[in-house]
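**Student:** First the structure, then my questions, so here it is.
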Amino acid sequence: MVEIDGRTRLLGLIGNPVRGSLSPKLHNYVIKKLGIHYRYLAFPVEREDLCAAIDGAGALGARGLNVTVPYKVDVLASMDRLSESARNVAAVNTIVFEDGGDLFGDNTDWRGFLKSLEVNGFDPEGRRCLVFGAGGAARGVVYGLMKAGAGKVLVANRTPSAARGLVEDLEKVDGGTELESTGLDGLPSATTLKGYDLFVNATPLGSGELQGKAVWEPDFECSGDQLFYDLIYDPDPTKFLRSAEHRGAKTLGGLDMLILQGLKSLKIWTKQEFDEKSTLNRLRGVLET
Ligand code: NAP
């Protein structure tokens with residue numbers, strides 16, 4: 001790794017908690033491979049210190065910050081400029097400290113999600129998709145699916161009004177994707193769901209204290225063309241994925257998305273070009289151990 005010297009610039013993650021985050025390992029691995037003058041650290045930040053933490057990082061000449069739970073929405077107001085996607089998804093996961101001193105807020109979650117579909121051989125164009133959850137991650141997923149030309153996205157959430165709100169917000173984005181919302185108890189019949197191609201869990205059900213639970217499980221035989229995707233990467237597989245695999249579907253955990261959104265952020269900050277697919281392959285091994 002290039003030694004820390006007077007040229008080294010800071011990159012980092014703010015959130016709470018951040019202790020278990022894989023991002024420092026991920027970013028510092030690529031920084032080392034590229035031989036560039038950066039280091040990436042994780043900073044646990046209390047809500048009342050959020051603005052001070054961002055201003056302080058800028059004052060210290062940091063190049064950028066990732067933002068994670070629970071601040072992706074809170075930091076929107078502190079940005080001088082937002083990318084179109086950050087505005088539409090209404091969440092920032094990547095802050096760039098620009099040379100003129102402005103703060104630019106971007107969102108790479110949805111790009112990481114789309115890229116993970118691509119590298120795993122799933123093209124959403126024209127496909128029918130069911131997304132569980134209506135929080136920040138679900139917004140990114142639905143936005144990404146719209147950008148990729150999905151035929152239909154049904155958003156199912158415990159609180160139906162949140163799913164409705166998500167759909168109403170994203171309907172304002174140009175695109176030909178049909179959007180619909182429902183509560184978890186208003187899902188279409190098994191016969192209808194058999195016709196869906198992609199099922200995404202964008203809720204925390206299956207991880208942490210909710211480990212061993214699933215937001216929903218298919219009660220029909222699936223085909224090998226149907227993909228069940230869980231944004232959770234620990235554990236992998238989750239109950240959601242295990243039951244789908246048992247029914248014959250293809251499955252994908254959240255590690256690829258995590259890695260690919262991180263690589264997108266790193267490219268934005270460092271303006272370095274590197275091959276995402278081969279870097280992903282190497283990082284899978286590094287982060288899974
Ligand atoms: P969030 O904004 O807090 O949203 C959570 C969503 O899950 C809400 O729609 C909530 O429904 C629903 N939910 C929570 N507890 C539930 C329960 N017990 N039963 C049913 N629904 C429940 O969280 P987020 O940022 O969207 O993150 C969601 C998940 O995605 C997390 O597990 C996170 O780690 C993961 N994630 C992964 C990546 C990746 O790169 N792999 C990136 C981002 C997020 P209500 O509206 O009813 O509260």
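To be explicit about the labels: the chains of the structure tokens are called A, B, and onward in the order shown, and within each one the residues are counted from 1, while ligands get numbers from 1 in the order they are shown.
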Determine, for each residue of chain A having at least one atom at most 6 Å from an atom of ligand 1, the closest pair of atoms and their separation in Å to one decimal, counting only C-alpha atoms and all ligand atoms; order by chain and ascending number, as a tab-separated table.
**Tutor:**
```
residue	atom	partner	partner_atom_place_in_ligand_line	distance
A:Gly133	CA	ligand 1	9 (O)	3.6
A:Ala134	CA	ligand 1	9 (O)	3.7
A:Gly135	CA	ligand 1	2 (O)	3.4
A:Gly136	CA	ligand 1	26 (O)	3.9
A:Ala137	CA	ligand 1	26 (O)	3.6
A:Ala138	CA	ligand 1	26 (O)	5.5
A:Asn157	CA	ligand 1	9 (O)	5.6
A:Arg158	CA	ligand 1	47 (O)	4.0
A:Thr159	CA	ligand 1	47 (O)	3.9
A:Ala162	CA	ligand 1	46 (O)	5.5
A:Ala202	CA	ligand 1	30 (O)	4.6
A:Thr203	CA	ligand 1	7 (O)	3.5
A:Pro204	CA	ligand 1	32 (O)	3.4
A:Leu205	CA	ligand 1	17 (C)	5.9
A:Val215	CA	ligand 1	20 (C)	6.0
A:Leu231	CA	ligand 1	41 (N)	4.3
A:Ile232	CA	ligand 1	32 (O)	5.0
A:Tyr233	CA	ligand 1	41 (N)	5.9
A:Gly254	CA	ligand 1	41 (N)	3.8
A:Leu255	CA	ligand 1	41 (N)	5.5
A:Met257	CA	ligand 1	40 (O)	4.5
A:Leu258	CA	ligand 1	40 (O)	3.3
```
**Student:** Kindly save the residues from that selection, with all heavy atoms included, as a tab-separated table (two decimals), in the first residue's frame.
**Tutor:**
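Dumped to selection.tsv:
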```tsv
chain	number	residue	atom	x	y	z
A	133	GLY	N	-40.62	-3.88	0.91
A	133	GLY	CA	-40.02	-2.77	1.64
A	133	GLY	C	-40.27	-1.47	0.92
A	133	GLY	O	-40.50	-1.45	-0.30
A	134	ALA	N	-40.25	-0.38	1.69
A	134	ALA	CA	-40.47	0.94	1.09
A	134	ALA	C	-39.56	1.97	1.75
A	134	ALA	O	-39.86	3.16	1.76
A	134	ALA	CB	-41.94	1.34	1.25
A	135	GLY	N	-38.43	1.50	2.29
A	135	GLY	CA	-37.46	2.41	2.90
A	135	GLY	C	-36.46	2.89	1.85
A	135	GLY	O	-36.71	2.80	0.65
A	136	GLY	N	-35.32	3.41	2.34
A	136	GLY	CA	-34.32	3.99	1.44
A	136	GLY	C	-33.79	2.99	0.43
A	136	GLY	O	-33.64	3.32	-0.76
A	137	ALA	N	-33.52	1.76	0.87
A	137	ALA	CA	-32.96	0.78	-0.05
A	137	ALA	C	-33.99	0.41	-1.13
A	137	ALA	O	-33.65	0.30	-2.31
A	137	ALA	CB	-32.54	-0.48	0.72
A	138	ALA	N	-35.24	0.25	-0.73
A	138	ALA	CA	-36.29	-0.10	-1.70
A	138	ALA	C	-36.44	1.00	-2.74
A	138	ALA	O	-36.62	0.73	-3.94
A	138	ALA	CB	-37.62	-0.32	-0.97
A	157	ASN	N	-45.31	-3.48	1.19
A	157	ASN	CA	-44.71	-3.04	2.45
A	157	ASN	C	-45.66	-3.24	3.62
A	157	ASN	O	-46.87	-3.21	3.47
A	157	ASN	CB	-44.35	-1.56	2.35
A	157	ASN	CG	-43.43	-1.12	3.47
A	157	ASN	OD1	-42.46	-1.81	3.77
A	157	ASN	ND2	-43.73	-0.01	4.12
A	158	ARG	N	-45.04	-3.46	4.81
A	158	ARG	CA	-45.83	-3.62	6.05
A	158	ARG	C	-46.77	-2.43	6.22
A	158	ARG	O	-47.95	-2.60	6.52
A	158	ARG	CB	-44.85	-3.71	7.23
A	158	ARG	CG	-45.50	-3.77	8.57
A	158	ARG	CD	-44.48	-3.94	9.66
A	158	ARG	NE	-43.54	-2.83	9.77
A	158	ARG	CZ	-42.55	-2.78	10.64
A	158	ARG	NH1	-42.36	-3.78	11.47
A	158	ARG	NH2	-41.75	-1.73	10.69
A	159	THR	N	-46.25	-1.23	6.04
A	159	THR	CA	-47.09	-0.03	6.13
A	159	THR	C	-47.48	0.37	4.70
A	159	THR	O	-46.66	0.91	3.96
A	159	THR	CB	-46.30	1.12	6.79
A	159	THR	OG1	-45.72	0.63	8.00
A	159	THR	CG2	-47.18	2.31	7.08
A	162	ALA	N	-46.61	3.81	3.16
A	162	ALA	CA	-45.22	4.08	2.76
A	162	ALA	C	-44.97	3.57	1.35
A	162	ALA	O	-44.29	4.21	0.55
A	162	ALA	CB	-44.25	3.43	3.75
A	202	ALA	N	-36.07	-5.92	0.38
A	202	ALA	CA	-35.38	-4.69	0.78
A	202	ALA	C	-35.86	-4.29	2.18
A	202	ALA	O	-36.03	-3.10	2.47
A	202	ALA	CB	-35.63	-3.58	-0.24
A	203	THR	N	-36.11	-5.30	3.03
A	203	THR	CA	-36.41	-5.06	4.44
A	203	THR	C	-35.29	-5.74	5.26
A	203	THR	O	-34.58	-6.60	4.73
A	203	THR	CB	-37.75	-5.68	4.87
A	203	THR	OG1	-37.58	-7.09	5.07
A	203	THR	CG2	-38.86	-5.43	3.87
A	204	PRO	N	-35.16	-5.37	6.54
A	204	PRO	CA	-34.13	-6.04	7.35
A	204	PRO	C	-34.55	-7.41	7.87
A	204	PRO	O	-33.80	-8.05	8.61
A	204	PRO	CB	-33.90	-5.06	8.51
A	204	PRO	CG	-35.12	-4.21	8.56
A	204	PRO	CD	-35.81	-4.27	7.25
A	205	LEU	N	-35.73	-7.89	7.47
A	205	LEU	CA	-36.19	-9.20	7.95
A	205	LEU	C	-35.29	-10.31	7.43
A	205	LEU	O	-35.19	-10.52	6.22
A	205	LEU	CB	-37.62	-9.45	7.49
A	205	LEU	CG	-38.64	-8.97	8.49
A	205	LEU	CD1	-39.72	-8.17	7.85
A	205	LEU	CD2	-39.22	-10.17	9.22
A	215	VAL	N	-39.72	-11.99	5.07
A	215	VAL	CA	-40.83	-11.07	4.84
A	215	VAL	C	-41.97	-11.80	4.13
A	215	VAL	O	-43.15	-11.49	4.32
A	215	VAL	CB	-40.36	-9.82	4.05
A	215	VAL	CG1	-39.93	-10.16	2.63
A	215	VAL	CG2	-41.41	-8.73	4.04
A	231	LEU	N	-31.24	-8.10	-0.25
A	231	LEU	CA	-30.21	-7.06	-0.07
A	231	LEU	C	-29.34	-7.37	1.15
A	231	LEU	O	-28.25	-6.85	1.28
A	231	LEU	CB	-30.84	-5.67	0.09
A	231	LEU	CG	-31.68	-5.13	-1.06
A	231	LEU	CD1	-31.82	-3.60	-0.91
A	231	LEU	CD2	-31.12	-5.44	-2.43
A	232	ILE	N	-29.84	-8.22	2.03
A	232	ILE	CA	-29.06	-8.61	3.21
A	232	ILE	C	-27.87	-9.46	2.77
A	232	ILE	O	-28.03	-10.33	1.92
A	232	ILE	CB	-29.96	-9.42	4.18
A	232	ILE	CG1	-31.04	-8.52	4.77
A	232	ILE	CG2	-29.13	-10.08	5.28
A	232	ILE	CD1	-32.14	-9.26	5.51
A	233	TYR	N	-26.69	-9.16	3.32
A	233	TYR	CA	-25.52	-9.99	2.98
A	233	TYR	C	-25.02	-10.82	4.15
A	233	TYR	O	-24.12	-11.64	3.99
A	233	TYR	CB	-24.39	-9.13	2.39
A	233	TYR	CG	-23.94	-7.99	3.26
A	233	TYR	CD1	-22.98	-8.20	4.24
A	233	TYR	CD2	-24.47	-6.72	3.10
A	233	TYR	CE1	-22.57	-7.16	5.05
A	233	TYR	CE2	-24.07	-5.68	3.91
A	233	TYR	CZ	-23.11	-5.90	4.88
A	233	TYR	OH	-22.72	-4.87	5.70
A	254	GLY	N	-26.85	-9.99	-0.81
A	254	GLY	CA	-26.56	-8.56	-0.97
A	254	GLY	C	-25.10	-8.18	-1.08
A	254	GLY	O	-24.80	-6.98	-1.23
A	255	LEU	N	-24.17	-9.15	-1.01
A	255	LEU	CA	-22.75	-8.78	-0.99
A	255	LEU	C	-22.30	-8.09	-2.29
A	255	LEU	O	-21.57	-7.10	-2.25
A	255	LEU	CB	-21.87	-10.01	-0.72
A	255	LEU	CG	-20.39	-9.70	-0.56
A	255	LEU	CD1	-20.13	-8.85	0.68
A	255	LEU	CD2	-19.56	-10.99	-0.48
A	257	MET	N	-24.03	-6.26	-4.35
A	257	MET	CA	-24.51	-4.88	-4.39
A	257	MET	C	-23.67	-3.99	-3.48
A	257	MET	O	-23.28	-2.88	-3.85
A	257	MET	CB	-25.98	-4.82	-3.96
A	257	MET	CG	-26.51	-3.41	-3.82
A	257	MET	SD	-28.25	-3.40	-3.40
A	257	MET	CE	-28.50	-1.68	-2.97
A	258	LEU	N	-23.38	-4.51	-2.29
A	258	LEU	CA	-22.57	-3.74	-1.34
A	258	LEU	C	-21.21	-3.37	-1.96
A	258	LEU	O	-20.76	-2.23	-1.89
A	258	LEU	CB	-22.35	-4.55	-0.06
A	258	LEU	CG	-21.49	-3.82	0.96
A	258	LEU	CD1	-22.36	-2.91	1.81
A	258	LEU	CD2	-20.71	-4.78	1.82
```
**Student:** Considering only alpha helix (DSSP H) as DSSP defines it on the backbone, what residues of stretch 17-173 of chain A qualify? List them as a PyMOL selection string.
**Tutor:** chain A and resi 23-34+50-59+84-89+109-119+136-147+160-170
**Student:** With distances taken over only C-alpha atoms, which of A:Val75, A:Ala214, A:Ala163, A:Ile259 is nearest to A:Val131?
**Tutor:**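 Of A:Val75, A:Ala214, A:Ala163, A:Ile259, the one nearest A:Val131, counting only C-alpha atoms, is A:Ala163.
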**Student:** Tell me which protein, DNA and RNA residues are within 6 Å of stretch 25-38 of chain A, counting only C-alpha atoms, leaving out same-chain ones fewer than 2 positions away, and put them as an MDAnalysis selection string.
**Tutor:** chainID A and resid 1:2 8:10 22:23
**Student:** Leaving out A:Pro218 and any residue of its chain fewer than 6 positions from it, which residues lie within 8 Å of it when counting only C-alpha atoms, given as a list in words?
**Tutor:**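 The contact residues come out as Ala190, Ser243, Ala244 and Arg247 of chain A.
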**Student:** Quick one: residues within 8 Å of A:Asp256, only C-alpha atoms, excluding same-chain residues fewer than 3 positions away - as a list in words?
**Tutor:**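 Contacts, with the query itself left out: Gly112, Ser116, Gly253, Ile259, Leu260, Leu280 and Arg284 of chain A.
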**Student:** Using the chain letters and numbers from this document, which residues of stretch 61-249 of chain A does DSSP assign to strand (DSSP E or B), as a ChimeraX atom specification?
**Tutor:** /A:64-67,81-82,94-97,103-106,125,128-132,150,152-157,178-183,198-201,206,211,227-230
**Student:** Residues near A:Thr177, anyone? I mean within 6 Å using only C-alpha atoms, not counting same-chain ones fewer than 3 positions away, as a VMD selection string.
**Tutor:** chain A and resid 146 150 to 152
**Student:** Keeping only all heavy atoms, take the residues you just selected and write them out as a CSV table (one decimal), in the first residue's frame.
**Tutor:**
```csv
chain,number,residue,atom,x,y,z
A,146,MET,N,-36.6,1.0,-12.7
A,146,MET,CA,-37.2,1.9,-13.7
A,146,MET,C,-36.2,2.3,-14.7
A,146,MET,O,-36.5,2.3,-15.9
A,146,MET,CB,-37.8,3.1,-13.0
A,146,MET,CG,-38.9,2.8,-12.1
A,146,MET,SD,-39.4,4.3,-11.1
A,146,MET,CE,-40.2,5.3,-12.3
A,150,ALA,N,-37.7,-1.9,-16.5
A,150,ALA,CA,-38.5,-3.0,-16.0
A,150,ALA,C,-40.0,-2.8,-16.5
A,150,ALA,O,-40.4,-1.6,-16.6
A,150,ALA,CB,-38.5,-3.1,-14.5
A,151,GLY,N,-40.7,-3.8,-16.8
A,151,GLY,CA,-42.1,-3.7,-17.3
A,151,GLY,C,-43.0,-3.3,-16.2
A,151,GLY,O,-43.8,-2.4,-16.3
A,152,LYS,N,-42.8,-3.9,-15.0
A,152,LYS,CA,-43.7,-3.6,-13.9
A,152,LYS,C,-43.0,-3.8,-12.6
A,152,LYS,O,-42.2,-4.7,-12.4
A,152,LYS,CB,-44.9,-4.6,-13.9
A,152,LYS,CG,-45.8,-4.4,-12.6
A,152,LYS,CD,-47.1,-5.2,-12.7
A,152,LYS,CE,-47.9,-5.0,-11.4
A,152,LYS,NZ,-49.2,-5.2,-11.6
```
**Student:** What is the distance between atom CA of A:Lys213 and atom CA of A:Thr251, in Å to one decimal?
**Tutor:**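 So the two atoms, atom CA of A:Lys213 and atom CA of A:Thr251, lie 16.7 Å apart.
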**Student:** Taking only C-alpha atoms into account, name the residue in A:Glu221, A:Asp109, A:Asp236, A:Asp5 that is nearest to A:Gly206.
**Tutor:**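 Going through A:Glu221, A:Asp109, A:Asp236, A:Asp5 one by one, the smallest distance to A:Gly206 is for A:Asp236.
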**Student:** So that I can see what lies close to stretch 45-55 of chain A, please list as number ranges by chain the residues with an atom at most 10 Å from it, counting only C-alpha atoms and leaving out residues fewer than 6 positions away in the same chain.
**Tutor:** A: 13-18, 62, 64-65, 70-71, 74-75, 77-78, 95, 97, 103
**Student:** Write out the residues from the selection above, keeping all heavy atoms, as a short mmCIF file (atom, residue, chain, number, x, y, z; two decimals), in the first residue's frame.
**Tutor:**
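Result saved to again18.cif:
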```
data_model
loop_
_atom_site.label_atom_id
_atom_site.label_comp_id
_atom_site.auth_asym_id
_atom_site.auth_seq_id
_atom_site.Cartn_x
_atom_site.Cartn_y
_atom_site.Cartn_z
N LEU A 13 -16.66 6.72 6.04
CA LEU A 13 -18.07 6.33 6.18
C LEU A 13 -18.60 6.97 7.45
O LEU A 13 -17.94 6.89 8.50
CB LEU A 13 -18.15 4.80 6.31
CG LEU A 13 -19.51 4.22 6.70
CD1 LEU A 13 -20.50 4.35 5.53
CD2 LEU A 13 -19.38 2.74 7.09
N ILE A 14 -19.77 7.61 7.35
CA ILE A 14 -20.43 8.08 8.56
C ILE A 14 -21.78 7.35 8.69
O ILE A 14 -22.47 7.11 7.71
CB ILE A 14 -20.63 9.62 8.59
CG1 ILE A 14 -21.36 10.11 7.33
CG2 ILE A 14 -19.31 10.34 8.78
CD1 ILE A 14 -21.73 11.59 7.39
N GLY A 15 -22.10 7.00 9.91
CA GLY A 15 -23.35 6.29 10.19
C GLY A 15 -23.36 5.94 11.66
O GLY A 15 -22.50 6.38 12.42
N ASN A 16 -24.30 5.12 12.06
CA ASN A 16 -24.31 4.68 13.46
C ASN A 16 -25.24 3.48 13.60
O ASN A 16 -26.45 3.65 13.40
CB ASN A 16 -24.78 5.82 14.36
CG ASN A 16 -24.32 5.63 15.79
OD1 ASN A 16 -23.64 4.67 16.10
ND2 ASN A 16 -24.71 6.56 16.63
N PRO A 17 -24.73 2.28 13.86
CA PRO A 17 -23.32 1.97 14.13
C PRO A 17 -22.56 1.71 12.83
O PRO A 17 -23.18 1.45 11.79
CB PRO A 17 -23.43 0.67 14.94
CG PRO A 17 -24.65 0.01 14.40
CD PRO A 17 -25.61 1.10 14.01
N VAL A 18 -21.24 1.75 12.89
CA VAL A 18 -20.42 1.44 11.70
C VAL A 18 -19.37 0.37 12.00
O VAL A 18 -18.61 -0.03 11.13
CB VAL A 18 -19.69 2.70 11.16
CG1 VAL A 18 -20.70 3.71 10.63
CG2 VAL A 18 -18.83 3.33 12.24
N ALA A 62 -10.89 16.24 3.34
CA ALA A 62 -11.34 14.91 2.90
C ALA A 62 -11.90 15.01 1.48
O ALA A 62 -12.40 16.05 1.07
CB ALA A 62 -12.41 14.38 3.85
N GLY A 64 -14.14 12.56 0.24
CA GLY A 64 -15.52 12.10 0.18
C GLY A 64 -15.92 11.25 1.38
O GLY A 64 -15.06 10.75 2.12
N LEU A 65 -17.22 11.14 1.54
CA LEU A 65 -17.77 10.30 2.61
C LEU A 65 -18.89 9.43 2.06
O LEU A 65 -19.68 9.90 1.24
CB LEU A 65 -18.36 11.16 3.73
CG LEU A 65 -17.41 11.98 4.60
CD1 LEU A 65 -18.23 12.90 5.52
CD2 LEU A 65 -16.52 11.06 5.44
N PRO A 70 -28.24 5.66 10.08
CA PRO A 70 -29.59 6.11 9.69
C PRO A 70 -29.60 7.49 9.02
O PRO A 70 -30.61 8.19 9.13
CB PRO A 70 -30.28 6.18 11.05
CG PRO A 70 -29.20 6.67 11.98
CD PRO A 70 -27.89 6.14 11.43
N TYR A 71 -28.54 7.90 8.31
CA TYR A 71 -28.42 9.31 7.92
C TYR A 71 -28.58 9.61 6.43
O TYR A 71 -28.36 10.74 6.00
CB TYR A 71 -27.06 9.85 8.39
CG TYR A 71 -26.85 9.75 9.88
CD1 TYR A 71 -25.67 9.24 10.39
CD2 TYR A 71 -27.84 10.15 10.78
CE1 TYR A 71 -25.46 9.13 11.76
CE2 TYR A 71 -27.65 10.04 12.14
CZ TYR A 71 -26.46 9.53 12.63
OH TYR A 71 -26.29 9.42 13.98
N ASP A 74 -31.11 12.32 6.13
CA ASP A 74 -30.78 13.53 6.90
C ASP A 74 -29.76 14.41 6.19
O ASP A 74 -29.81 15.64 6.30
CB ASP A 74 -30.20 13.14 8.27
CG ASP A 74 -31.16 12.31 9.07
OD1 ASP A 74 -31.52 11.21 8.58
OD2 ASP A 74 -31.58 12.73 10.14
N VAL A 75 -28.80 13.81 5.47
CA VAL A 75 -27.72 14.62 4.89
C VAL A 75 -28.16 15.36 3.62
O VAL A 75 -27.47 16.28 3.19
CB VAL A 75 -26.45 13.78 4.57
CG1 VAL A 75 -25.92 13.12 5.83
CG2 VAL A 75 -26.70 12.75 3.49
N ALA A 77 -30.23 17.67 3.15
CA ALA A 77 -30.37 19.12 3.37
C ALA A 77 -29.03 19.83 3.43
O ALA A 77 -28.97 21.05 3.20
CB ALA A 77 -31.16 19.36 4.66
N SER A 78 -27.96 19.12 3.73
CA SER A 78 -26.64 19.77 3.85
C SER A 78 -25.92 19.89 2.52
O SER A 78 -24.86 20.50 2.44
CB SER A 78 -25.73 18.96 4.79
OG SER A 78 -26.36 18.77 6.02
N ILE A 95 -21.01 11.44 -0.53
CA ILE A 95 -20.77 12.89 -0.51
C ILE A 95 -19.42 13.15 -1.15
O ILE A 95 -18.43 12.47 -0.83
CB ILE A 95 -20.76 13.44 0.93
CG1 ILE A 95 -22.12 13.21 1.61
CG2 ILE A 95 -20.40 14.92 0.94
CD1 ILE A 95 -22.15 13.62 3.08
N PHE A 97 -16.58 16.12 -1.61
CA PHE A 97 -16.13 17.46 -1.25
C PHE A 97 -15.46 18.03 -2.48
O PHE A 97 -14.34 17.63 -2.83
CB PHE A 97 -15.16 17.42 -0.06
CG PHE A 97 -15.81 16.91 1.19
CD1 PHE A 97 -15.70 15.58 1.56
CD2 PHE A 97 -16.55 17.77 2.00
CE1 PHE A 97 -16.32 15.10 2.71
CE2 PHE A 97 -17.17 17.30 3.15
CZ PHE A 97 -17.05 15.96 3.51
N LEU A 103 -20.54 20.87 -1.56
CA LEU A 103 -20.84 19.48 -1.22
C LEU A 103 -21.79 18.92 -2.27
O LEU A 103 -22.88 19.46 -2.47
CB LEU A 103 -21.52 19.38 0.14
CG LEU A 103 -20.73 19.82 1.37
CD1 LEU A 103 -21.53 19.57 2.63
CD2 LEU A 103 -19.43 19.05 1.41
#
```
**Student:** Between A:Gly101, A:Gly186, A:Gly20, A:Pro235, which has the minimum distance to A:Leu60 (counting only C-alpha atoms)?
**Tutor:** A:Gly101
**Student:** Go through A:Arg128, A:Val96, A:Gly61, A:Val153 and flag the residue nearest A:Lys267, using only C-alpha atoms for the distances.
**Tutor:**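 Of A:Arg128, A:Val96, A:Gly61, A:Val153, the one nearest A:Lys267, counting only C-alpha atoms, is A:Val96.
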